[in-house]
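Participant: Sharing upload_10.cif below, mmCIF, C-alpha atoms:
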```cif
data_final
#
loop_
_atom_site.label_atom_id
_atom_site.label_comp_id
_atom_site.auth_asym_id
_atom_site.auth_seq_id
_atom_site.Cartn_x
_atom_site.Cartn_y
_atom_site.Cartn_z
CA MET D 1 -2.27 -20.38 10.67
CA THR D 2 -0.89 -20.88 14.22
CA ASP D 3 0.59 -18.11 16.37
CA PHE D 4 3.96 -19.79 16.06
CA SER D 5 3.78 -19.94 12.27
CA THR D 6 2.75 -16.26 12.08
CA LEU D 7 5.60 -15.15 14.35
CA ARG D 8 8.11 -17.32 12.48
CA GLN D 9 7.18 -15.75 9.15
CA GLN D 10 7.13 -12.23 10.62
CA ALA D 11 10.64 -12.88 11.93
CA GLY D 12 11.65 -13.78 8.37
CA LEU D 13 12.73 -17.32 9.26
CA SER D 14 12.31 -20.45 7.16
CA VAL D 15 11.69 -23.73 8.99
CA PRO D 16 15.40 -24.75 8.87
CA GLU D 17 16.45 -21.27 10.04
CA ALA D 18 13.93 -21.34 12.89
CA ALA D 19 15.31 -24.72 13.96
CA THR D 20 18.84 -23.28 14.03
CA HIS D 21 17.87 -20.08 15.88
CA LEU D 22 15.66 -21.82 18.44
CA GLY D 23 17.79 -24.92 18.97
CA TYR D 24 15.17 -27.52 18.00
CA THR D 25 14.79 -30.04 15.19
CA GLU D 26 13.03 -29.16 11.95
CA ARG D 27 10.46 -31.84 12.79
CA GLN D 28 9.62 -30.01 16.01
CA ILE D 29 9.32 -26.70 14.15
CA TYR D 30 6.90 -28.28 11.68
CA ARG D 31 4.80 -29.65 14.56
CA TRP D 32 4.55 -26.17 16.12
CA ASP D 33 3.85 -24.65 12.71
CA ASN D 34 0.98 -27.04 12.05
CA GLY D 35 -0.47 -26.79 15.55
CA GLU D 36 0.18 -30.44 16.43
CA VAL D 37 1.95 -29.32 19.62
CA GLN D 38 1.95 -25.97 21.44
CA PRO D 39 5.40 -24.44 22.01
CA ARG D 40 6.48 -23.11 25.39
CA LYS D 41 5.99 -19.39 26.06
CA ALA D 42 9.77 -18.93 26.10
CA VAL D 43 9.94 -20.06 22.46
CA LEU D 44 7.29 -17.54 21.38
CA GLU D 45 9.04 -14.77 23.33
CA LEU D 46 12.33 -15.55 21.61
CA LEU D 47 10.59 -15.36 18.23
CA ARG D 48 9.12 -11.98 19.17
CA THR D 49 12.62 -10.77 20.11
CA ILE D 50 13.99 -11.92 16.74
CA LYS D 51 11.09 -10.19 14.97
CA SER D 52 11.70 -6.91 16.85
CA SER D 53 15.41 -7.06 16.08
CA THR D 54 14.71 -7.53 12.38
CA ALA D 55 12.21 -4.67 12.42
CA SER D 56 14.72 -2.23 13.95
CA LYS D 57 17.28 -3.06 11.27
CA ASP D 58 14.76 -2.50 8.49
CA ASP D 59 13.19 0.68 9.86
CA LYS D 60 14.20 3.35 7.34
CA ALA D 61 12.83 6.77 6.58
CA SER D 62 10.71 6.65 3.44
CA SER D 63 10.74 9.15 0.59
CA PHE D 64 7.26 8.25 -0.67
CA THR D 65 4.48 5.74 -0.07
CA PHE D 66 3.13 3.10 -2.44
CA ILE D 67 0.57 0.30 -2.58
CA ASP D 68 1.29 -3.15 -3.98
CA LEU D 69 -1.64 -4.67 -5.91
CA PHE D 70 -1.69 -8.25 -7.28
CA ALA D 71 1.51 -8.39 -5.29
CA GLY D 72 2.52 -12.01 -5.89
CA ILE D 73 5.70 -12.49 -3.87
CA GLY D 74 6.74 -8.85 -3.89
CA GLY D 75 8.91 -8.47 -7.00
CA LEU D 76 7.59 -5.00 -7.87
CA ARG D 77 7.81 -3.94 -4.24
CA LYS D 78 11.53 -4.73 -4.04
CA GLY D 79 12.24 -2.24 -6.81
CA PHE D 80 10.39 0.62 -5.14
CA GLU D 81 11.69 -0.06 -1.65
CA GLU D 82 15.22 0.25 -2.98
CA ILE D 83 14.61 3.89 -3.95
CA GLY D 84 13.14 4.76 -0.56
CA GLY D 85 9.45 3.88 -0.90
CA LYS D 86 7.32 2.53 1.93
CA CYS D 87 4.58 0.02 1.20
CA VAL D 88 1.35 0.95 3.03
CA PHE D 89 -1.07 -1.57 1.51
CA THR D 90 -0.75 -5.02 -0.07
CA CYS D 91 -3.31 -7.06 -1.97
CA GLU D 92 -2.75 -10.67 -3.10
CA TRP D 93 -5.44 -13.35 -3.30
CA ASP D 94 -3.32 -16.54 -3.43
CA ARG D 95 -2.70 -17.87 0.08
CA TYR D 96 0.61 -19.52 -0.82
CA SER D 97 1.91 -16.29 -2.34
CA GLN D 98 0.78 -14.51 0.81
CA GLN D 99 2.86 -16.95 2.82
CA THR D 100 6.00 -16.20 0.81
CA TYR D 101 5.28 -12.47 0.87
CA ARG D 102 4.92 -12.41 4.66
CA ALA D 103 8.12 -14.37 5.11
CA ASN D 104 10.08 -11.82 3.09
CA PHE D 105 8.37 -8.65 4.32
CA PRO D 106 7.78 -9.57 7.96
CA ASN D 107 7.70 -6.07 9.42
CA ASP D 108 4.65 -4.66 7.66
CA ASP D 109 2.19 -2.82 9.87
CA HIS D 110 -0.68 -3.85 7.60
CA GLU D 111 -2.39 -7.14 6.77
CA ILE D 112 -2.44 -8.57 3.25
CA ALA D 113 -5.84 -8.02 1.63
CA GLY D 114 -7.24 -10.89 -0.41
CA ASP D 115 -9.75 -10.41 -3.20
CA ILE D 116 -9.29 -6.94 -4.71
CA LYS D 117 -12.94 -6.92 -5.76
CA ALA D 118 -13.94 -7.04 -2.09
CA VAL D 119 -11.75 -4.06 -1.19
CA GLU D 120 -13.36 -0.63 -1.16
CA ALA D 121 -11.11 2.03 -2.65
CA ALA D 122 -11.86 4.29 0.32
CA ASP D 123 -10.42 1.64 2.67
CA ILE D 124 -7.02 1.80 0.96
CA PRO D 125 -4.57 4.28 2.54
CA MET D 126 -3.52 7.41 0.70
CA HIS D 127 -0.38 6.81 -1.34
CA ASP D 128 2.00 8.49 -3.77
CA VAL D 129 2.49 5.55 -6.14
CA LEU D 130 0.38 2.57 -7.21
CA ILE D 131 2.18 -0.52 -8.49
CA ALA D 132 0.35 -3.50 -9.95
CA GLY D 133 1.24 -6.58 -11.93
CA PHE D 134 -2.37 -7.31 -12.80
CA PRO D 135 -3.02 -10.91 -13.94
CA CYS D 136 -1.45 -11.63 -17.29
CA GLN D 137 -2.94 -15.03 -18.17
CA PRO D 138 -5.94 -13.58 -20.05
CA PHE D 139 -3.53 -11.73 -22.36
CA SER D 140 -0.51 -14.06 -22.63
CA ILE D 141 0.02 -16.09 -25.78
CA ALA D 142 -0.03 -19.34 -23.80
CA GLY D 143 -3.08 -18.25 -21.81
CA VAL D 144 -5.04 -17.23 -24.90
CA SER D 145 -4.15 -20.47 -26.69
CA LYS D 146 -5.28 -22.56 -23.72
CA LYS D 147 -8.56 -20.66 -23.34
CA ASN D 148 -9.23 -20.92 -27.08
CA ALA D 149 -8.66 -24.67 -26.92
CA LEU D 150 -11.07 -24.94 -24.00
CA LYS D 151 -13.51 -22.55 -25.72
CA ARG D 152 -13.27 -20.13 -22.82
CA PRO D 153 -13.16 -16.32 -23.02
CA HIS D 154 -9.87 -14.45 -22.70
CA GLY D 155 -8.76 -10.86 -22.31
CA PHE D 156 -11.41 -8.54 -20.88
CA ALA D 157 -14.04 -11.20 -21.64
CA CYS D 158 -12.44 -13.37 -18.95
CA GLU D 159 -14.57 -12.46 -15.95
CA THR D 160 -12.24 -13.92 -13.33
CA GLN D 161 -9.00 -12.21 -14.35
CA GLY D 162 -9.32 -10.01 -17.41
CA THR D 163 -11.56 -7.45 -15.75
CA LEU D 164 -9.22 -6.93 -12.79
CA PHE D 165 -7.64 -4.02 -14.67
CA PHE D 166 -10.82 -2.10 -13.95
CA ASP D 167 -10.20 -2.54 -10.22
CA VAL D 168 -6.89 -0.78 -10.79
CA GLU D 169 -8.86 1.93 -12.60
CA ARG D 170 -11.31 2.51 -9.75
CA ILE D 171 -8.49 2.76 -7.18
CA ILE D 172 -6.54 5.24 -9.30
CA GLU D 173 -9.72 7.23 -9.89
CA HIS D 174 -10.46 7.42 -6.17
CA HIS D 175 -6.96 8.18 -4.84
CA ARG D 176 -5.37 10.04 -7.76
CA PRO D 177 -1.82 8.90 -6.89
CA ARG D 178 1.11 10.91 -8.16
CA ALA D 179 2.26 8.00 -10.33
CA PHE D 180 1.71 4.34 -11.13
CA LEU D 181 3.58 1.42 -12.64
CA LEU D 182 1.66 -1.42 -14.31
CA GLU D 183 3.32 -4.59 -15.57
CA ASN D 184 2.04 -7.31 -17.88
CA VAL D 185 3.04 -9.70 -20.66
CA LYS D 186 4.32 -8.43 -24.00
CA ASN D 187 1.22 -9.81 -25.76
CA LEU D 188 -0.95 -7.23 -23.98
CA VAL D 189 0.00 -4.80 -26.78
CA ASN D 190 -1.25 -7.09 -29.56
CA HIS D 191 -4.07 -8.93 -27.80
CA ASP D 192 -7.37 -8.87 -29.69
CA GLN D 193 -5.67 -7.06 -32.60
CA GLY D 194 -4.61 -4.22 -30.32
CA ARG D 195 -8.10 -3.42 -29.04
CA THR D 196 -7.30 -4.48 -25.45
CA PHE D 197 -4.37 -2.11 -25.17
CA ARG D 198 -6.36 0.71 -26.74
CA VAL D 199 -8.99 0.28 -24.01
CA ILE D 200 -6.31 0.42 -21.33
CA HIS D 201 -4.66 3.43 -22.95
CA ASP D 202 -7.96 5.32 -23.24
CA VAL D 203 -8.94 4.58 -19.64
CA LEU D 204 -5.59 5.76 -18.27
CA THR D 205 -5.30 8.87 -20.44
CA ARG D 206 -8.73 10.09 -21.54
CA LYS D 207 -10.79 8.98 -18.56
CA LEU D 208 -8.26 9.31 -15.71
CA GLY D 209 -6.15 12.05 -17.26
CA TYR D 210 -2.71 10.53 -16.71
CA HIS D 211 0.32 10.99 -18.93
CA ILE D 212 1.67 7.55 -19.75
CA SER D 213 4.72 5.94 -21.31
CA TRP D 214 5.28 2.27 -21.96
CA LYS D 215 8.01 -0.03 -23.10
CA VAL D 216 8.47 -3.76 -23.68
CA ILE D 217 11.68 -4.72 -21.91
CA ASP D 218 13.59 -7.99 -22.22
CA ALA D 219 15.24 -9.16 -19.00
CA LYS D 220 18.27 -10.66 -20.81
CA PRO D 221 20.62 -7.75 -20.03
CA TRP D 222 20.11 -8.35 -16.29
CA VAL D 223 19.48 -12.10 -15.90
CA PRO D 224 20.15 -15.17 -18.07
CA GLN D 225 16.56 -15.42 -19.26
CA HIS D 226 14.69 -14.23 -22.33
CA ARG D 227 11.64 -12.66 -20.72
CA GLU D 228 9.77 -9.76 -22.35
CA ARG D 229 7.29 -7.76 -20.31
CA ILE D 230 5.51 -4.46 -20.87
CA PHE D 231 5.89 -1.70 -18.27
CA ILE D 232 3.38 1.13 -18.28
CA VAL D 233 4.30 4.24 -16.28
CA GLY D 234 1.80 7.02 -15.64
CA PHE D 235 2.16 10.43 -13.97
CA ARG D 236 -0.70 12.63 -12.86
CA GLU D 237 1.24 15.76 -13.83
CA ARG D 238 3.01 16.13 -17.14
CA ASN D 239 6.80 15.86 -16.90
CA ASP D 240 9.85 14.86 -18.92
CA PHE D 241 9.76 11.16 -18.04
CA SER D 242 10.47 8.94 -21.05
CA PHE D 243 11.53 5.35 -21.57
CA ASP D 244 13.65 6.54 -24.49
CA ASN D 245 16.56 7.38 -22.19
CA LEU D 246 16.27 4.35 -19.91
CA VAL D 247 19.75 2.86 -19.64
CA ILE D 248 19.63 -0.80 -20.64
CA PRO D 249 22.83 -2.89 -20.44
CA ASP D 250 24.08 -4.68 -23.55
CA ALA D 251 22.15 -7.96 -23.85
CA LEU D 252 25.07 -9.64 -25.65
CA SER D 253 27.21 -9.04 -22.58
CA GLY D 254 24.49 -10.15 -20.20
CA PRO D 255 24.88 -12.92 -17.63
CA ARG D 256 24.71 -16.62 -18.46
CA LEU D 257 23.16 -19.49 -16.54
CA GLU D 258 26.41 -20.23 -14.73
CA THR D 259 25.68 -17.10 -12.67
CA ILE D 260 22.56 -18.66 -11.16
CA LEU D 261 23.23 -22.42 -11.15
CA HIS D 262 24.42 -24.24 -8.06
CA PRO D 263 28.18 -24.74 -8.68
CA GLU D 264 28.16 -28.12 -6.88
CA ASN D 265 31.86 -27.78 -6.04
CA GLY D 266 31.70 -26.78 -2.40
CA SER D 267 32.02 -23.06 -3.09
CA GLU D 268 28.54 -22.38 -1.69
CA LYS D 269 26.95 -23.58 1.52
CA PRO D 270 24.37 -26.37 1.35
CA ASP D 271 20.85 -24.96 0.95
CA LYS D 272 18.42 -27.61 2.17
CA PRO D 273 16.33 -29.10 0.67
CA TYR D 274 17.79 -28.04 -2.69
CA THR D 275 21.44 -28.97 -2.15
CA ALA D 276 23.28 -31.05 0.43
CA GLY D 277 26.67 -32.48 1.35
CA ARG D 278 30.14 -30.95 1.36
CA GLN D 279 29.91 -30.08 -2.31
CA ALA D 280 26.39 -28.69 -1.97
CA THR D 281 25.25 -31.08 -4.67
CA VAL D 282 21.79 -30.63 -6.19
CA SER D 283 19.27 -33.10 -4.82
CA PRO D 284 18.61 -36.07 -7.16
CA LYS D 285 14.87 -35.33 -7.01
CA TYR D 286 15.36 -32.54 -9.57
CA THR D 287 16.75 -34.96 -12.19
CA LEU D 288 14.07 -36.12 -14.65
CA SER D 289 13.08 -39.77 -14.57
CA ASN D 290 14.15 -41.76 -17.60
CA HIS D 291 10.48 -42.22 -18.45
CA LEU D 292 9.75 -38.47 -18.47
CA TRP D 293 12.95 -37.67 -20.36
CA THR D 294 12.09 -40.25 -23.05
CA TYR D 295 8.57 -38.84 -23.32
CA LEU D 296 9.82 -35.26 -23.77
CA GLN D 297 12.29 -36.34 -26.48
CA ASN D 298 9.64 -38.28 -28.37
CA TYR D 299 7.18 -35.38 -28.04
CA ALA D 300 9.74 -32.94 -29.46
CA ALA D 301 10.62 -35.29 -32.31
CA LYS D 302 6.94 -35.71 -33.26
CA HIS D 303 6.45 -31.96 -33.52
CA ARG D 304 9.70 -31.46 -35.46
CA GLU D 305 8.38 -33.85 -38.08
CA LYS D 306 5.25 -31.66 -38.37
CA GLY D 307 7.34 -28.52 -38.65
CA ASN D 308 6.27 -27.22 -35.25
CA GLY D 309 8.54 -25.57 -32.72
CA PHE D 310 7.18 -27.30 -29.64
CA GLY D 311 9.62 -29.11 -27.41
CA PHE D 312 11.89 -28.96 -24.41
CA GLY D 313 14.68 -26.45 -23.91
CA LEU D 314 18.05 -27.93 -22.97
CA PHE D 315 20.68 -25.54 -21.63
CA GLY D 316 24.20 -25.42 -20.29
CA PRO D 317 26.11 -22.96 -18.08
CA THR D 318 26.98 -20.58 -20.92
CA ASP D 319 23.44 -20.31 -22.29
CA VAL D 320 20.52 -17.95 -21.74
CA ALA D 321 17.27 -19.68 -20.79
CA ARG D 322 13.78 -19.42 -22.19
CA THR D 323 11.04 -17.70 -20.20
CA LEU D 324 10.31 -19.35 -16.88
CA SER D 325 6.57 -20.01 -16.72
CA ALA D 326 4.12 -20.78 -13.93
CA ARG D 327 3.70 -24.30 -15.37
CA TYR D 328 7.36 -25.15 -14.71
CA TYR D 329 6.33 -27.47 -11.88
CA LYS D 330 4.68 -29.86 -14.35
CA ASP D 331 7.75 -31.16 -16.17
CA GLY D 332 10.28 -28.31 -16.27
CA SER D 333 10.53 -28.77 -20.02
CA GLU D 334 11.12 -25.12 -20.97
CA ILE D 335 14.37 -24.94 -18.98
CA LEU D 336 16.25 -28.21 -18.49
CA ILE D 337 19.88 -28.28 -17.36
CA ARG D 338 22.31 -30.71 -19.00
CA GLN D 339 24.01 -33.27 -16.78
CA LYS D 340 26.87 -35.58 -17.66
CA GLY D 341 25.92 -39.23 -17.70
CA SER D 342 22.26 -38.79 -16.79
CA ALA D 343 19.00 -37.21 -17.80
CA PRO D 344 18.79 -33.42 -17.44
CA ARG D 345 17.36 -31.77 -14.36
CA ARG D 346 14.97 -28.99 -13.48
CA LEU D 347 16.15 -25.79 -11.90
CA THR D 348 15.81 -25.81 -8.12
CA PRO D 349 13.51 -23.17 -6.61
CA ARG D 350 16.62 -21.38 -5.34
CA GLU D 351 17.97 -21.21 -8.89
CA CYS D 352 14.58 -19.86 -10.00
CA ALA D 353 14.88 -17.17 -7.33
CA ARG D 354 18.25 -16.21 -8.81
CA LEU D 355 16.95 -16.42 -12.38
CA MET D 356 14.25 -13.90 -11.44
CA GLY D 357 16.71 -11.66 -9.61
CA PHE D 358 15.42 -12.26 -6.07
CA ASP D 359 18.76 -13.79 -5.05
CA GLU D 360 22.33 -13.88 -6.31
CA LEU D 361 24.75 -16.79 -6.69
CA GLY D 362 25.96 -17.95 -3.30
CA GLY D 363 23.10 -16.22 -1.52
CA CYS D 364 19.81 -17.48 -0.18
CA GLU D 365 18.37 -14.32 1.33
CA PHE D 366 14.94 -14.71 -0.23
CA LYS D 367 12.78 -16.96 1.93
CA ILE D 368 11.00 -19.85 0.20
CA PRO D 369 8.61 -21.24 2.83
CA VAL D 370 6.36 -23.14 0.39
CA SER D 371 6.53 -26.42 -1.52
CA ASP D 372 8.49 -26.70 -4.77
CA THR D 373 5.24 -26.76 -6.75
CA GLN D 374 4.07 -23.47 -5.26
CA ALA D 375 7.54 -21.92 -5.51
CA TYR D 376 7.74 -22.69 -9.24
CA LYS D 377 4.30 -21.15 -9.79
CA GLN D 378 5.26 -18.05 -7.81
CA PHE D 379 8.56 -17.39 -9.56
CA GLY D 380 7.04 -18.17 -12.96
CA ASN D 381 4.33 -15.57 -12.35
CA SER D 382 6.66 -12.95 -10.93
CA VAL D 383 8.70 -10.08 -12.34
CA VAL D 384 12.45 -9.89 -12.84
CA VAL D 385 13.55 -7.78 -9.89
CA PRO D 386 16.59 -6.04 -11.49
CA VAL D 387 14.36 -4.84 -14.36
CA VAL D 388 11.86 -3.37 -11.90
CA LYS D 389 14.70 -1.71 -10.01
CA ALA D 390 15.94 -0.13 -13.24
CA VAL D 391 12.46 1.22 -14.04
CA ALA D 392 11.95 2.44 -10.46
CA ARG D 393 15.29 4.28 -10.51
CA HIS D 394 14.27 5.83 -13.81
CA MET D 395 11.06 7.13 -12.16
CA GLU D 396 12.82 8.19 -8.96
CA PRO D 397 13.61 11.84 -9.80
CA TRP D 398 9.91 12.66 -10.19
CA LEU D 399 8.84 10.61 -7.16
CA VAL D 400 11.37 12.02 -4.72
CA ARG D 401 11.06 15.56 -6.11
CA HIS D 402 7.30 15.41 -5.54
CA HIS D 403 7.74 14.20 -1.97
CA ASP D 404 10.20 16.99 -1.16
CA THR D 405 7.82 19.58 -2.62
CA LEU D 406 4.95 18.30 -0.50
CA GLU D 407 7.12 18.42 2.61
CA ALA D 408 8.15 22.00 1.90
CA GLU D 409 4.54 23.06 1.30
CA THR D 410 3.44 21.37 4.51
CA ARG D 411 6.11 23.19 6.54
CA LYS D 412 5.09 26.48 4.94
CA VAL D 413 1.44 25.96 5.91
CA ARG D 414 2.42 25.07 9.49
CA ARG D 415 4.55 28.23 9.86
CA ALA D 416 1.65 30.36 8.59
#
```
Spit out the file's structure as structure tokens when you get a sec.
Facilitator:
Amino acid sequence: MTDFSTLRQQAGLSVPEAATHLGYTERQIYRWDNGEVQPRKAVLELLRTIKSSTASKDDKASSFTFIDLFAGIGGLRKGFEEIGGKCVFTCEWDRYSQQTYRANFPNDDHEIAGDIKAVEAADIPMHDVLIAGFPCQPFSIAGVSKKNALKRPHGFACETQGTLFFDVERIIEHHRPRAFLLENVKNLVNHDQGRTFRVIHDVLTRKLGYHISWKVIDAKPWVPQHRERIFIVGFRERNDFSFDNLVIPDALSGPRLETILHPENGSEKPDKPYTAGRQATVSPKYTLSNHLWTYLQNYAAKHREKGNGFGFGLFGPTDVARTLSARYYKDGSEILIRQKGSAPRRLTPRECARLMGFDELGGCEFKIPVSDTQAYKQFGNSVVVPVVKAVARHMEPWLVRHHDTLEAETRKVRRA
């Protein structure tokens, strides 16, 4: 990564935004980004000024500290920052996810660690809360089916991903944080006839001594997507925390896809490369080719004849979508948007950002500095931000109360 590219991401600027701020073409920005040409010192100084300005705006007093493991693009982090938390350590192995993470959290005073297995627990800063969306593929229904078909191990038998939970265990054991939040797919509860979850439960409670609560939450009340995930909350000290009184909006009154789709009527600004023109029309590249559309229809028809439920999902503005998956980049078949007079289209990455709660209609605050393929993978693997915010707010009384108590005790010791 070049110095220019690092500064650009730390300043929170996409390539088009950097071109606008610096007064150069996007082509020139790409050349500086890739190291084809070295920018003048004045350009780098201007980027540093933009970065410093952004940092001063975002510098807020924190109520507690947390670490972000298997961070992806920062979905869990956004929930805990909103209630006053400060991230002091980040770990994410995928370099493209790191790129998106840096672009959206440019003012961190710490580097992003890569392979969690190479990180010593003692090298991680002290923290109040641990948050982790440890890899779900070994436990997801789709992941298990694929591994079974390939005759590969899944769950904890999957050496590359399934055992990463035990890295969470060793970090909790070493640091004894006040609390943690773990997130995974709904199937974690039933995987291997419930044995996987029993192992996790026993490790967290019997071995580590934490008091845990868990709940499978569907994102439909917050976003127009049916997406069920399990959230496991643990506290070192016993308290009254319970998911039973978590306030969940009425799913029947939840938002529909029209709240995340590009309106294509000029009411939002063009968002290159996803939309363009006065009407901010979606780029034609997201419309399926006739060949692919015919294939998907024939594939669905073949499985209907066999009594199977496999096939594409076709949706309109008033519908709620299926679960967005990391494989969306392949053909987009799980969420296709109807179009008059032509084949349906995929969601744009910006619409995926909205579907996952990173952005809202009309906004494009979340930076997407990667290709469409990588963006689809990242959003498909992420968490729904409004759900995390709801869980974080539900935990907040015990997190903030603990911080205040520690501050009071520290002042008392200093006076003595």
Participant: Could you list, as a ChimeraX atom specification, every residue within 12 Å of D:Ile368, counting all atoms listed in the file and ignoring same-chain residues fewer than 5 positions away?
Facilitator: /D:9,12-17,73,96-104,271-274,348-353,358-359,373-376,378-379
Participant: Around stretch 308-314 of chain D, with edges along x, y and z and 8 Å added on all six sides, what centre and edge lengths do you get, in Å to one decimal, as JSON?
Facilitator:
```
{"center_x": 12.2, "center_y": -27.3, "center_z": -29.1, "size_x": 27.8, "size_y": 19.5, "size_z": 28.3}
```
Participant: With all atoms listed in the file as the atoms that count, which of D:Ala219, D:Leu314, D:Ala276, D:Leu130 lies nearest to D:Val384?
Facilitator: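 Answer, going by the shortest atom-to-atom distance: D:Ala219.
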Participant: As a check of understanding, name the residues that the PyMOL selection byres ((chain D and resi 289) around 12) selects in the supplied structure, as a VMD selection string.
Facilitator: chain D and resid 284 to 288 290 to 296 331 to 332 342 to 346
Participant: Would you mind reading off the distance between atom CA of D:Gly313 and atom CA of D:Gly133, one decimal, in Å?
Facilitator: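 These two atoms are separated by 26.8 Å.
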Participant: With all atoms listed in the file as the counted atoms, please give the residues lying no more than 12 Å from D:Ser325, apart from itself and same-chain residues fewer than 2 positions off, as an MDAnalysis selection string.
Facilitator: chainID D and resid 136:137 140:143 185 225:227 321:323 327:335 352 355:356 375:383
Participant: Could you check which of D:Leu76, D:Ala251, D:Ile232, D:Ile171 is closest to D:His201, using all atoms listed in the file?
Facilitator: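 Among the listed residues, the smallest separation from D:His201 belongs to D:Ile232.
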Participant: What does the structure give for the distance between atom CA of D:Glu173 and atom CA of D:Val129, in Å to one decimal?
Facilitator: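 Atom-to-atom, atom CA of D:Glu173 and atom CA of D:Val129 are spaced 12.9 Å apart.
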Participant: So how many Å separate atom CA of D:Pro177 and atom CA of D:Leu164, to one decimal?
Facilitator: 18.4 Å
Participant: Given the PyMOL selection byres ((chain D and resi 265) around 9) and the file above, list the residues it selects as a ChimeraX atom specification.
Facilitator: /D:262-264,266-268,278-281
Participant: Of the residues D:Phe70, D:Arg176, D:Leu246, D:Ile230, which is the one nearest to D:Asn190, using all atoms listed in the file?
Facilitator: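 Of D:Phe70, D:Arg176, D:Leu246, D:Ile230, the one nearest D:Asn190 is D:Ile230, counting all atoms listed in the file.
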Participant: Pull out every residue that the PyMOL selection byres ((chain D and resi 256) around 7) matches in the shown coordinates and put them as a PDB file with C-alpha atoms, keeping the file's coordinate frame.
Facilitator:
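part_32.pdb was written with the following content:
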```pdb
ATOM      1  CA  PRO D 224      20.150 -15.170 -18.070  1.00  0.00           C
ATOM      2  CA  GLY D 254      24.490 -10.150 -20.200  1.00  0.00           C
ATOM      3  CA  PRO D 255      24.880 -12.920 -17.630  1.00  0.00           C
ATOM      4  CA  LEU D 257      23.160 -19.490 -16.540  1.00  0.00           C
ATOM      5  CA  GLU D 258      26.410 -20.230 -14.730  1.00  0.00           C
ATOM      6  CA  THR D 259      25.680 -17.100 -12.670  1.00  0.00           C
ATOM      7  CA  PRO D 317      26.110 -22.960 -18.080  1.00  0.00           C
ATOM      8  CA  THR D 318      26.980 -20.580 -20.920  1.00  0.00           C
ATOM      9  CA  ASP D 319      23.440 -20.310 -22.290  1.00  0.00           C
ATOM     10  CA  VAL D 320      20.520 -17.950 -21.740  1.00  0.00           C
TER      11      VAL D 320
END
```
Participant: I'd like to know which of D:Trp398, D:Trp222, D:Phe134, D:Tyr210 is closest to D:Glu360, using all atoms listed in the file.
Facilitator: D:Trp222
Participant: Quick one: of D:Phe166, D:Tyr24, D:Phe66, D:Phe243, who's nearest to D:Ile200, counting only C-alpha atoms?
Facilitator: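 Using only C-alpha atoms, the shortest distance to D:Ile200 belongs to D:Phe166.
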